[in-house]
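Engineer: The following block contains the structure, expressed as C-alpha cells.
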Amino acid sequence: MSENNLCPCGSGKTYAECCEPIIKGTVKAPTAEALMRARYTSYVVHEIDFIINTCETGEKIAEIDRKATEDWSNKSTWHGLKILSTQKGLEGDDEGIVEFEATYTQKGIRDVHHEIAGFKKVNGEWLYSEGMLRPTTVVREGRKVGRNEPCPCGSGKKYKNCCGKN
C-alpha cells in the first residue's frame with residue numbers, strides 16, 4: 001500500500017500517518033479505538049502477525065487460529081470499517097469497548113462482521129481481549145445461480161452436478 005493512499009480504517013488520514021506506524025510497531029496505539037482501526041487495516045493489508053500479536057494471551061484465553069485469520073484476510077475483499085460506539089478505552093484507561101462493523105465480500109457474498117470488542121491495556125499496550133458477535137443479514141452480490149443452469153466455472157455441466165454439489 002502506498003504511503004499516500006487513504007488508510008483503510010476510514011479515518012480520512014493517509015495510511016502512513018494513521019495505522020501504518022502502529023502496525024509496524026514504531027508507535028503504540030494510544031486508544032482502544034486506534035488499536036481496533038489498526039487491526040482492521042491489518043486484515044486489509046494482510047499483516048497477520050500484527051493481528052496475532054495484539055491479542056491478549058493467558059491460561060483462560062483461547063488462542064487465535066492463525067490459518068483461519070490469514071484465510072479471512074486473504075480471501076476477502078474489504079469494503080470498510082464503521083465504528084458504532086466506544087466506551088472508555090482512552091489513553092488513561094485500562095479497559096475499553098469498541099462496537100464496530102467491518103464490511104467484506106467473500107465467495108461472492110457481501111457480509112458485515114458486527115462485533116462488540118473488549119480491549120485491555122497490558123504493560124502500557126492495548127490488546128484485543130474478547131469479542132461478542134452481533135448477528136447480521138448476509139447479502140449476496142450478483143444473482144444466484146440456479147441448480148439447472150450451466151455452471152459458471154465453464155465445465156459445461158449443470159451447476160448442481162458441478163460446483164453446486166454439497
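Residues in the C-alpha cells are numbered from 1 in each chain, the chains being A, B, ... in the order shown, and ligands are numbered from 1 in the order shown.
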Using only C-alpha atoms, which residues sit within 7 Å of Cys9 (chain A) once same-chain residues fewer than 6 positions away are excluded, as a PyMOL selection string?

Structural biologist: chain A and resi 37+40-41+80-81

Engineer: For Pro21 (chain A), please output as a list in words all residues within 12 Å (counting only C-alpha atoms; exclusion window: fewer than 3 positions along the same chain).

Structural biologist: Glu3, Cys7, Thr14, Tyr15, Ala16, Glu17, Cys18, Lys24, Gly25, Thr26, Val27, Lys28, Ala29, Pro30, Ala34, Leu35, Ala38, Thr41, Ser42 and Phe50 of chain A

Engineer: Go ahead and save the residues from that selection, with all heavy atoms, as a short mmCIF file (atom, residue, chain, number, x, y, z; two decimals), in the first residue's frame.

Structural biologist:
```cif
data_model
loop_
_atom_site.label_atom_id
_atom_site.label_comp_id
_atom_site.auth_asym_id
_atom_site.auth_seq_id
_atom_site.Cartn_x
_atom_site.Cartn_y
_atom_site.Cartn_z
N GLU A 3 2.14 5.02 0.65
CA GLU A 3 2.06 5.92 1.81
C GLU A 3 1.00 7.00 1.63
O GLU A 3 0.47 7.53 2.59
CB GLU A 3 3.42 6.58 2.05
CG GLU A 3 4.45 5.65 2.61
CD GLU A 3 5.74 6.38 2.95
OE1 GLU A 3 5.82 7.60 2.76
OE2 GLU A 3 6.67 5.70 3.41
N CYS A 7 -6.02 5.64 4.53
CA CYS A 7 -5.98 4.47 5.39
C CYS A 7 -7.30 3.70 5.25
O CYS A 7 -8.38 4.30 5.26
CB CYS A 7 -5.77 4.90 6.84
SG CYS A 7 -5.36 3.51 7.91
N THR A 14 -3.89 9.54 5.73
CA THR A 14 -3.17 8.59 4.88
C THR A 14 -2.76 7.39 5.73
O THR A 14 -2.66 7.49 6.96
CB THR A 14 -1.90 9.21 4.25
OG1 THR A 14 -0.99 9.54 5.30
CG2 THR A 14 -2.24 10.44 3.42
N TYR A 15 -2.51 6.29 5.07
CA TYR A 15 -2.07 5.07 5.75
C TYR A 15 -0.80 5.35 6.55
O TYR A 15 -0.67 4.92 7.69
CB TYR A 15 -1.84 3.97 4.71
CG TYR A 15 -1.29 2.68 5.25
CD1 TYR A 15 -2.00 1.94 6.18
CD2 TYR A 15 -0.07 2.19 4.81
CE1 TYR A 15 -1.50 0.73 6.68
CE2 TYR A 15 0.44 0.99 5.29
CZ TYR A 15 -0.28 0.27 6.22
OH TYR A 15 0.21 -0.92 6.70
N ALA A 16 0.14 6.11 5.96
CA ALA A 16 1.42 6.40 6.61
C ALA A 16 1.27 7.21 7.88
O ALA A 16 2.07 7.07 8.81
CB ALA A 16 2.35 7.13 5.64
N GLU A 17 0.24 8.07 7.97
CA GLU A 17 0.08 8.90 9.17
C GLU A 17 -0.99 8.33 10.12
O GLU A 17 -1.24 8.92 11.16
CB GLU A 17 -0.24 10.34 8.80
CG GLU A 17 -1.54 10.55 8.08
CD GLU A 17 -1.79 11.99 7.64
OE1 GLU A 17 -0.97 12.87 7.90
OE2 GLU A 17 -2.83 12.21 7.00
N CYS A 18 -1.57 7.19 9.77
CA CYS A 18 -2.64 6.64 10.61
C CYS A 18 -2.24 5.27 11.18
O CYS A 18 -1.61 5.21 12.22
CB CYS A 18 -3.93 6.56 9.78
SG CYS A 18 -5.39 6.11 10.74
N LYS A 24 3.42 -1.30 12.13
CA LYS A 24 4.87 -1.55 12.00
C LYS A 24 5.58 -1.49 13.35
O LYS A 24 6.77 -1.82 13.45
CB LYS A 24 5.51 -0.56 11.03
CG LYS A 24 4.97 -0.65 9.62
CD LYS A 24 5.25 -1.98 8.97
CE LYS A 24 4.77 -1.99 7.54
NZ LYS A 24 4.82 -3.30 6.94
N GLY A 25 4.90 -1.04 14.41
CA GLY A 25 5.48 -1.03 15.75
C GLY A 25 6.31 0.20 16.08
O GLY A 25 7.00 0.21 17.09
N THR A 26 6.22 1.24 15.26
CA THR A 26 7.00 2.44 15.57
C THR A 26 6.31 3.32 16.60
O THR A 26 6.97 4.13 17.26
CB THR A 26 7.32 3.26 14.30
OG1 THR A 26 6.09 3.59 13.65
CG2 THR A 26 8.20 2.46 13.34
N VAL A 27 4.99 3.17 16.74
CA VAL A 27 4.25 3.83 17.82
C VAL A 27 3.22 2.84 18.39
O VAL A 27 2.80 1.91 17.71
CB VAL A 27 3.51 5.12 17.36
CG1 VAL A 27 4.48 6.14 16.81
CG2 VAL A 27 2.45 4.83 16.36
N LYS A 28 2.85 3.06 19.64
CA LYS A 28 1.82 2.25 20.27
C LYS A 28 0.46 2.87 20.00
O LYS A 28 0.34 4.09 19.90
CB LYS A 28 2.03 2.17 21.78
CG LYS A 28 3.28 1.43 22.19
CD LYS A 28 3.42 1.43 23.70
CE LYS A 28 4.70 0.73 24.10
NZ LYS A 28 4.87 0.73 25.55
N ALA A 29 -0.55 2.02 19.91
CA ALA A 29 -1.92 2.54 19.76
C ALA A 29 -2.26 3.32 21.03
O ALA A 29 -2.20 2.77 22.13
CB ALA A 29 -2.90 1.40 19.56
N PRO A 30 -2.63 4.60 20.92
CA PRO A 30 -2.91 5.39 22.11
C PRO A 30 -4.25 5.05 22.76
O PRO A 30 -4.43 5.29 23.95
CB PRO A 30 -2.92 6.83 21.59
CG PRO A 30 -3.25 6.72 20.14
CD PRO A 30 -2.71 5.39 19.69
N ALA A 34 -8.01 3.20 18.37
CA ALA A 34 -6.86 3.23 17.45
C ALA A 34 -6.36 1.82 17.18
O ALA A 34 -6.00 1.49 16.04
CB ALA A 34 -5.74 4.10 18.02
N LEU A 35 -6.33 0.97 18.22
CA LEU A 35 -5.92 -0.42 18.01
C LEU A 35 -6.94 -1.14 17.14
O LEU A 35 -6.58 -1.89 16.24
CB LEU A 35 -5.74 -1.16 19.33
CG LEU A 35 -5.33 -2.62 19.17
CD1 LEU A 35 -3.99 -2.74 18.44
CD2 LEU A 35 -5.28 -3.32 20.51
N ALA A 38 -6.34 -0.18 13.59
CA ALA A 38 -5.12 -0.81 13.08
C ALA A 38 -5.33 -2.31 12.84
O ALA A 38 -4.80 -2.86 11.86
CB ALA A 38 -3.96 -0.58 14.05
N THR A 41 -7.27 -2.61 9.59
CA THR A 41 -6.35 -2.32 8.49
C THR A 41 -5.40 -3.48 8.25
O THR A 41 -5.06 -3.80 7.11
CB THR A 41 -5.59 -1.00 8.76
OG1 THR A 41 -6.55 0.06 8.87
CG2 THR A 41 -4.59 -0.68 7.68
N SER A 42 -5.00 -4.16 9.32
CA SER A 42 -4.11 -5.32 9.18
C SER A 42 -4.76 -6.44 8.38
O SER A 42 -4.08 -7.16 7.65
CB SER A 42 -3.70 -5.85 10.55
OG SER A 42 -2.88 -4.92 11.19
N PHE A 50 0.60 -8.82 13.14
CA PHE A 50 0.07 -7.76 14.00
C PHE A 50 -1.24 -8.19 14.65
O PHE A 50 -1.45 -7.96 15.84
CB PHE A 50 -0.14 -6.46 13.19
CG PHE A 50 -0.67 -5.34 14.04
CD1 PHE A 50 0.18 -4.61 14.85
CD2 PHE A 50 -2.02 -5.02 14.04
CE1 PHE A 50 -0.31 -3.57 15.65
CE2 PHE A 50 -2.51 -3.99 14.84
CZ PHE A 50 -1.65 -3.27 15.64
#
```

Engineer: Would you pick out the contacts of Met132 (chain A) at 8 Å or less, using only C-alpha atoms, so that residues sharing its chain but fewer than 5 positions from it are not included, and give the list as an NGL selection string?

Structural biologist: :A and (115-117)

Engineer: Between CA of Arg39 (chain A) and CA of Pro135 (chain A), what distance in Å does the model show, to one decimal?

Structural biologist: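 Taking CA of Arg39 (chain A) as the start and CA of Pro135 (chain A) as the end point, the length is 20.8 Å.
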
Engineer: Give me every alpha helix (DSSP H) residue in region 29-123 of chain A, going by DSSP on the backbone, as an mmCIF file with all heavy atoms, in the first residue's frame.

Structural biologist:
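Once written, part_32.cif looks like this:
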```cif
data_model
loop_
_atom_site.group_PDB
_atom_site.id
_atom_site.type_symbol
_atom_site.label_atom_id
_atom_site.label_comp_id
_atom_site.auth_asym_id
_atom_site.auth_seq_id
_atom_site.Cartn_x
_atom_site.Cartn_y
_atom_site.Cartn_z
ATOM 1 N N ALA A 32 -8.029 2.304 22.594
ATOM 2 C CA ALA A 32 -8.607 1.044 22.134
ATOM 3 C C ALA A 32 -9.130 1.197 20.710
ATOM 4 O O ALA A 32 -8.970 0.294 19.878
ATOM 5 C CB ALA A 32 -9.727 0.603 23.084
ATOM 6 N N GLU A 33 -9.738 2.341 20.411
ATOM 7 C CA GLU A 33 -10.249 2.562 19.054
ATOM 8 C C GLU A 33 -9.117 2.581 18.033
ATOM 9 O O GLU A 33 -9.246 2.027 16.936
ATOM 10 C CB GLU A 33 -11.038 3.865 18.963
ATOM 11 C CG GLU A 33 -11.594 4.100 17.567
ATOM 12 C CD GLU A 33 -12.392 5.383 17.417
ATOM 13 O OE1 GLU A 33 -12.905 5.927 18.417
ATOM 14 O OE2 GLU A 33 -12.511 5.846 16.263
ATOM 15 N N ALA A 34 -8.007 3.200 18.370
ATOM 16 C CA ALA A 34 -6.860 3.233 17.452
ATOM 17 C C ALA A 34 -6.357 1.820 17.178
ATOM 18 O O ALA A 34 -6.004 1.485 16.040
ATOM 19 C CB ALA A 34 -5.740 4.098 18.024
ATOM 20 N N LEU A 35 -6.334 0.970 18.215
ATOM 21 C CA LEU A 35 -5.923 -0.421 18.010
ATOM 22 C C LEU A 35 -6.943 -1.145 17.140
ATOM 23 O O LEU A 35 -6.579 -1.895 16.240
ATOM 24 C CB LEU A 35 -5.744 -1.155 19.334
ATOM 25 C CG LEU A 35 -5.328 -2.625 19.167
ATOM 26 C CD1 LEU A 35 -3.987 -2.740 18.445
ATOM 27 C CD2 LEU A 35 -5.276 -3.325 20.509
ATOM 28 N N MET A 36 -8.233 -0.900 17.370
ATOM 29 C CA MET A 36 -9.267 -1.532 16.550
ATOM 30 C C MET A 36 -9.085 -1.149 15.086
ATOM 31 O O MET A 36 -9.169 -2.001 14.195
ATOM 32 C CB MET A 36 -10.657 -1.122 17.054
ATOM 33 C CG MET A 36 -11.813 -1.710 16.290
ATOM 34 S SD MET A 36 -11.852 -3.491 16.417
ATOM 35 C CE MET A 36 -11.516 -3.925 14.721
ATOM 36 N N ARG A 37 -8.852 0.117 14.824
ATOM 37 C CA ARG A 37 -8.651 0.585 13.446
ATOM 38 C C ARG A 37 -7.420 -0.079 12.818
ATOM 39 O O ARG A 37 -7.440 -0.500 11.666
ATOM 40 C CB ARG A 37 -8.521 2.110 13.412
ATOM 41 C CG ARG A 37 -9.822 2.827 13.683
ATOM 42 C CD ARG A 37 -9.671 4.356 13.617
ATOM 43 N NE ARG A 37 -10.935 5.018 13.829
ATOM 44 C CZ ARG A 37 -11.890 5.152 12.904
ATOM 45 N NH1 ARG A 37 -11.699 4.671 11.698
ATOM 46 N NH2 ARG A 37 -13.021 5.765 13.183
ATOM 47 N N ALA A 38 -6.343 -0.184 13.586
ATOM 48 C CA ALA A 38 -5.115 -0.811 13.078
ATOM 49 C C ALA A 38 -5.328 -2.310 12.841
ATOM 50 O O ALA A 38 -4.800 -2.864 11.865
ATOM 51 C CB ALA A 38 -3.956 -0.582 14.048
ATOM 52 N N ARG A 39 -6.110 -2.953 13.692
ATOM 53 C CA ARG A 39 -6.384 -4.386 13.487
ATOM 54 C C ARG A 39 -7.207 -4.597 12.214
ATOM 55 O O ARG A 39 -6.927 -5.492 11.433
ATOM 56 C CB ARG A 39 -7.092 -4.980 14.710
ATOM 57 C CG ARG A 39 -6.142 -5.187 15.893
ATOM 58 C CD ARG A 39 -6.870 -5.659 17.132
ATOM 59 N NE ARG A 39 -7.627 -6.879 16.926
ATOM 60 C CZ ARG A 39 -7.133 -8.121 17.001
ATOM 61 N NH1 ARG A 39 -5.860 -8.299 17.283
ATOM 62 N NH2 ARG A 39 -7.916 -9.169 16.811
ATOM 63 N N TYR A 40 -8.216 -3.754 11.986
ATOM 64 C CA TYR A 40 -8.998 -3.862 10.758
ATOM 65 C C TYR A 40 -8.072 -3.656 9.547
ATOM 66 O O TYR A 40 -8.081 -4.442 8.594
ATOM 67 C CB TYR A 40 -10.134 -2.823 10.719
ATOM 68 C CG TYR A 40 -10.761 -2.740 9.345
ATOM 69 C CD1 TYR A 40 -11.698 -3.686 8.933
ATOM 70 C CD2 TYR A 40 -10.367 -1.760 8.436
ATOM 71 C CE1 TYR A 40 -12.244 -3.640 7.658
ATOM 72 C CE2 TYR A 40 -10.904 -1.708 7.159
ATOM 73 C CZ TYR A 40 -11.836 -2.651 6.778
ATOM 74 O OH TYR A 40 -12.357 -2.616 5.502
ATOM 75 N N THR A 41 -7.267 -2.613 9.588
ATOM 76 C CA THR A 41 -6.355 -2.319 8.487
ATOM 77 C C THR A 41 -5.398 -3.476 8.254
ATOM 78 O O THR A 41 -5.065 -3.796 7.107
ATOM 79 C CB THR A 41 -5.595 -1.005 8.764
ATOM 80 O OG1 THR A 41 -6.554 0.061 8.870
ATOM 81 C CG2 THR A 41 -4.594 -0.679 7.679
ATOM 82 N N SER A 42 -4.996 -4.164 9.315
ATOM 83 C CA SER A 42 -4.110 -5.320 9.179
ATOM 84 C C SER A 42 -4.765 -6.445 8.378
ATOM 85 O O SER A 42 -4.085 -7.155 7.646
ATOM 86 C CB SER A 42 -3.701 -5.851 10.552
ATOM 87 O OG SER A 42 -2.885 -4.916 11.189
ATOM 88 N N TYR A 43 -6.077 -6.602 8.529
ATOM 89 C CA TYR A 43 -6.775 -7.586 7.703
ATOM 90 C C TYR A 43 -6.721 -7.165 6.237
ATOM 91 O O TYR A 43 -6.510 -7.988 5.346
ATOM 92 C CB TYR A 43 -8.235 -7.740 8.142
ATOM 93 C CG TYR A 43 -8.416 -8.665 9.315
ATOM 94 C CD1 TYR A 43 -8.486 -8.166 10.613
ATOM 95 C CD2 TYR A 43 -8.527 -10.038 9.139
ATOM 96 C CE1 TYR A 43 -8.662 -9.006 11.694
ATOM 97 C CE2 TYR A 43 -8.693 -10.894 10.219
ATOM 98 C CZ TYR A 43 -8.758 -10.373 11.490
ATOM 99 O OH TYR A 43 -8.921 -11.219 12.560
ATOM 100 N N VAL A 44 -6.894 -5.881 5.968
ATOM 101 C CA VAL A 44 -6.894 -5.366 4.594
ATOM 102 C C VAL A 44 -5.526 -5.527 3.944
ATOM 103 O O VAL A 44 -5.417 -5.932 2.790
ATOM 104 C CB VAL A 44 -7.341 -3.892 4.558
ATOM 105 C CG1 VAL A 44 -7.281 -3.336 3.132
ATOM 106 C CG2 VAL A 44 -8.759 -3.732 5.123
ATOM 107 N N VAL A 45 -4.457 -5.199 4.675
ATOM 108 C CA VAL A 45 -3.098 -5.225 4.118
ATOM 109 C C VAL A 45 -2.365 -6.534 4.440
ATOM 110 O O VAL A 45 -1.185 -6.667 4.151
ATOM 111 C CB VAL A 45 -2.267 -4.005 4.564
ATOM 112 C CG1 VAL A 45 -2.906 -2.709 4.078
ATOM 113 C CG2 VAL A 45 -2.046 -3.975 6.068
ATOM 114 N N ILE A 48 -0.799 -10.289 9.238
ATOM 115 C CA ILE A 48 -1.349 -11.280 10.162
ATOM 116 C C ILE A 48 -0.608 -11.284 11.501
ATOM 117 O O ILE A 48 -1.221 -11.435 12.554
ATOM 118 C CB ILE A 48 -1.346 -12.685 9.521
ATOM 119 C CG1 ILE A 48 -2.034 -12.658 8.146
ATOM 120 C CG2 ILE A 48 -1.982 -13.714 10.447
ATOM 121 C CD1 ILE A 48 -3.419 -12.043 8.132
ATOM 122 N N ASP A 49 0.705 -11.083 11.473
ATOM 123 C CA ASP A 49 1.467 -11.068 12.729
ATOM 124 C C ASP A 49 0.943 -9.995 13.682
ATOM 125 O O ASP A 49 0.851 -10.221 14.887
ATOM 126 C CB ASP A 49 2.964 -10.845 12.472
ATOM 127 C CG ASP A 49 3.636 -12.076 11.876
ATOM 128 O OD1 ASP A 49 3.093 -13.195 12.039
ATOM 129 O OD2 ASP A 49 4.694 -11.922 11.255
ATOM 130 N N PHE A 50 0.595 -8.823 13.143
ATOM 131 C CA PHE A 50 0.071 -7.756 13.998
ATOM 132 C C PHE A 50 -1.238 -8.189 14.647
ATOM 133 O O PHE A 50 -1.448 -7.959 15.840
ATOM 134 C CB PHE A 50 -0.139 -6.463 13.193
ATOM 135 C CG PHE A 50 -0.670 -5.337 14.039
ATOM 136 C CD1 PHE A 50 0.181 -4.606 14.852
ATOM 137 C CD2 PHE A 50 -2.018 -5.023 14.045
ATOM 138 C CE1 PHE A 50 -0.308 -3.571 15.651
ATOM 139 C CE2 PHE A 50 -2.510 -3.994 14.836
ATOM 140 C CZ PHE A 50 -1.651 -3.274 15.637
ATOM 141 N N ILE A 51 -2.107 -8.815 13.885
ATOM 142 C CA ILE A 51 -3.386 -9.282 14.433
ATOM 143 C C ILE A 51 -3.134 -10.280 15.564
ATOM 144 O O ILE A 51 -3.716 -10.164 16.647
ATOM 145 C CB ILE A 51 -4.260 -9.911 13.329
ATOM 146 C CG1 ILE A 51 -4.606 -8.854 12.271
ATOM 147 C CG2 ILE A 51 -5.524 -10.529 13.918
ATOM 148 C CD1 ILE A 51 -5.133 -9.420 10.980
ATOM 149 N N ILE A 52 -2.261 -11.230 15.329
ATOM 150 C CA ILE A 52 -1.939 -12.253 16.332
ATOM 151 C C ILE A 52 -1.305 -11.614 17.568
ATOM 152 O O ILE A 52 -1.685 -11.903 18.700
ATOM 153 C CB ILE A 52 -0.976 -13.313 15.740
ATOM 154 C CG1 ILE A 52 -1.561 -13.983 14.505
ATOM 155 C CG2 ILE A 52 -0.562 -14.335 16.806
ATOM 156 C CD1 ILE A 52 -2.684 -14.927 14.706
ATOM 157 N N ASN A 53 -0.350 -10.725 17.338
ATOM 158 C CA ASN A 53 0.423 -10.136 18.443
ATOM 159 C C ASN A 53 -0.337 -9.117 19.271
ATOM 160 O O ASN A 53 0.131 -8.726 20.337
ATOM 161 C CB ASN A 53 1.721 -9.517 17.909
ATOM 162 C CG ASN A 53 2.659 -10.568 17.353
ATOM 163 O OD1 ASN A 53 2.613 -11.730 17.736
ATOM 164 N ND2 ASN A 53 3.490 -10.168 16.414
ATOM 165 N N ARG A 66 -4.327 -18.925 13.509
ATOM 166 C CA ARG A 66 -3.562 -18.170 12.521
ATOM 167 C C ARG A 66 -4.024 -18.466 11.095
ATOM 168 O O ARG A 66 -4.216 -17.555 10.291
ATOM 169 C CB ARG A 66 -2.069 -18.449 12.653
ATOM 170 C CG ARG A 66 -1.274 -17.649 11.652
ATOM 171 C CD ARG A 66 0.227 -17.947 11.694
ATOM 172 N NE ARG A 66 0.891 -17.055 10.789
ATOM 173 C CZ ARG A 66 1.257 -15.813 11.071
ATOM 174 N NH1 ARG A 66 1.063 -15.324 12.279
ATOM 175 N NH2 ARG A 66 1.834 -15.052 10.170
ATOM 176 N N LYS A 67 -4.216 -19.733 10.760
ATOM 177 C CA LYS A 67 -4.619 -20.119 9.397
ATOM 178 C C LYS A 67 -5.976 -19.518 9.048
ATOM 179 O O LYS A 67 -6.153 -18.960 7.958
ATOM 180 C CB LYS A 67 -4.663 -21.646 9.274
ATOM 181 C CG LYS A 67 -5.224 -22.145 7.958
ATOM 182 C CD LYS A 67 -4.148 -22.576 7.014
ATOM 183 C CE LYS A 67 -4.685 -23.201 5.759
ATOM 184 N NZ LYS A 67 -5.137 -22.296 4.745
ATOM 185 N N ALA A 68 -6.947 -19.606 9.948
ATOM 186 C CA ALA A 68 -8.281 -19.050 9.690
ATOM 187 C C ALA A 68 -8.209 -17.530 9.548
ATOM 188 O O ALA A 68 -8.879 -16.951 8.684
ATOM 189 C CB ALA A 68 -9.242 -19.443 10.807
ATOM 190 N N THR A 69 -7.395 -16.894 10.369
ATOM 191 C CA THR A 69 -7.228 -15.441 10.300
ATOM 192 C C THR A 69 -6.598 -15.042 8.972
ATOM 193 O O THR A 69 -7.048 -14.107 8.304
ATOM 194 C CB THR A 69 -6.368 -14.942 11.480
ATOM 195 O OG1 THR A 69 -6.996 -15.338 12.700
ATOM 196 C CG2 THR A 69 -6.186 -13.436 11.454
ATOM 197 N N GLU A 70 -5.571 -15.770 8.580
ATOM 198 C CA GLU A 70 -4.893 -15.493 7.313
ATOM 199 C C GLU A 70 -5.830 -15.720 6.124
ATOM 200 O O GLU A 70 -5.870 -14.912 5.190
ATOM 201 C CB GLU A 70 -3.666 -16.396 7.201
ATOM 202 C CG GLU A 70 -2.639 -15.927 6.239
ATOM 203 C CD GLU A 70 -1.304 -16.637 6.445
ATOM 204 O OE1 GLU A 70 -1.214 -17.617 7.199
ATOM 205 O OE2 GLU A 70 -0.342 -16.187 5.815
ATOM 206 N N ASP A 71 -6.600 -16.799 6.157
ATOM 207 C CA ASP A 71 -7.561 -17.087 5.092
ATOM 208 C C ASP A 71 -8.607 -15.980 4.982
ATOM 209 O O ASP A 71 -8.945 -15.536 3.886
ATOM 210 C CB ASP A 71 -8.251 -18.435 5.307
ATOM 211 C CG ASP A 71 -7.348 -19.615 4.987
ATOM 212 O OD1 ASP A 71 -6.273 -19.413 4.385
ATOM 213 O OD2 ASP A 71 -7.717 -20.747 5.348
ATOM 214 N N TRP A 72 -9.140 -15.543 6.127
ATOM 215 C CA TRP A 72 -10.158 -14.493 6.119
ATOM 216 C C TRP A 72 -9.576 -13.208 5.526
ATOM 217 O O TRP A 72 -10.200 -12.544 4.720
ATOM 218 C CB TRP A 72 -10.689 -14.264 7.531
ATOM 219 C CG TRP A 72 -11.925 -13.425 7.612
ATOM 220 C CD1 TRP A 72 -12.864 -13.229 6.634
ATOM 221 C CD2 TRP A 72 -12.362 -12.654 8.723
ATOM 222 N NE1 TRP A 72 -13.865 -12.385 7.097
ATOM 223 C CE2 TRP A 72 -13.578 -12.027 8.368
ATOM 224 C CE3 TRP A 72 -11.862 -12.442 10.002
ATOM 225 C CZ2 TRP A 72 -14.284 -11.202 9.235
ATOM 226 C CZ3 TRP A 72 -12.565 -11.623 10.853
ATOM 227 C CH2 TRP A 72 -13.767 -11.012 10.474
ATOM 228 N N SER A 73 -8.359 -12.881 5.914
ATOM 229 C CA SER A 73 -7.693 -11.683 5.394
ATOM 230 C C SER A 73 -7.477 -11.782 3.889
ATOM 231 O O SER A 73 -7.835 -10.872 3.140
ATOM 232 C CB SER A 73 -6.346 -11.502 6.099
ATOM 233 O OG SER A 73 -5.581 -10.475 5.506
ATOM 234 N N ASN A 74 -6.907 -12.882 3.443
ATOM 235 C CA ASN A 74 -6.510 -13.032 2.046
ATOM 236 C C ASN A 74 -7.669 -13.305 1.092
ATOM 237 O O ASN A 74 -7.609 -12.925 -0.078
ATOM 238 C CB ASN A 74 -5.473 -14.149 1.901
ATOM 239 C CG ASN A 74 -4.159 -13.790 2.544
ATOM 240 O OD1 ASN A 74 -3.773 -12.633 2.608
ATOM 241 N ND2 ASN A 74 -3.454 -14.788 3.054
#
```

Engineer: Out of A:Leu133, A:Thr54, A:Lys75, A:Pro8, which residue has the shortest atom-to-atom distance to Ile109 (chain A) when counting only C-alpha atoms?

Structural biologist: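 Closest residue, counting only C-alpha atoms: A:Lys75.
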
Engineer: Mind pulling up the distance from CA of Lys160 (chain A) to CA of Arg147 (chain A)?

Structural biologist: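 Calculated distance between CA of Arg147 (chain A) and CA of Lys160 (chain A) is 4.8 Å.
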
Engineer: What does the distance from CA of Val122 (chain A) to CA of Glu47 (chain A) come to in Å, to one decimal?

Structural biologist: 21.5 Å
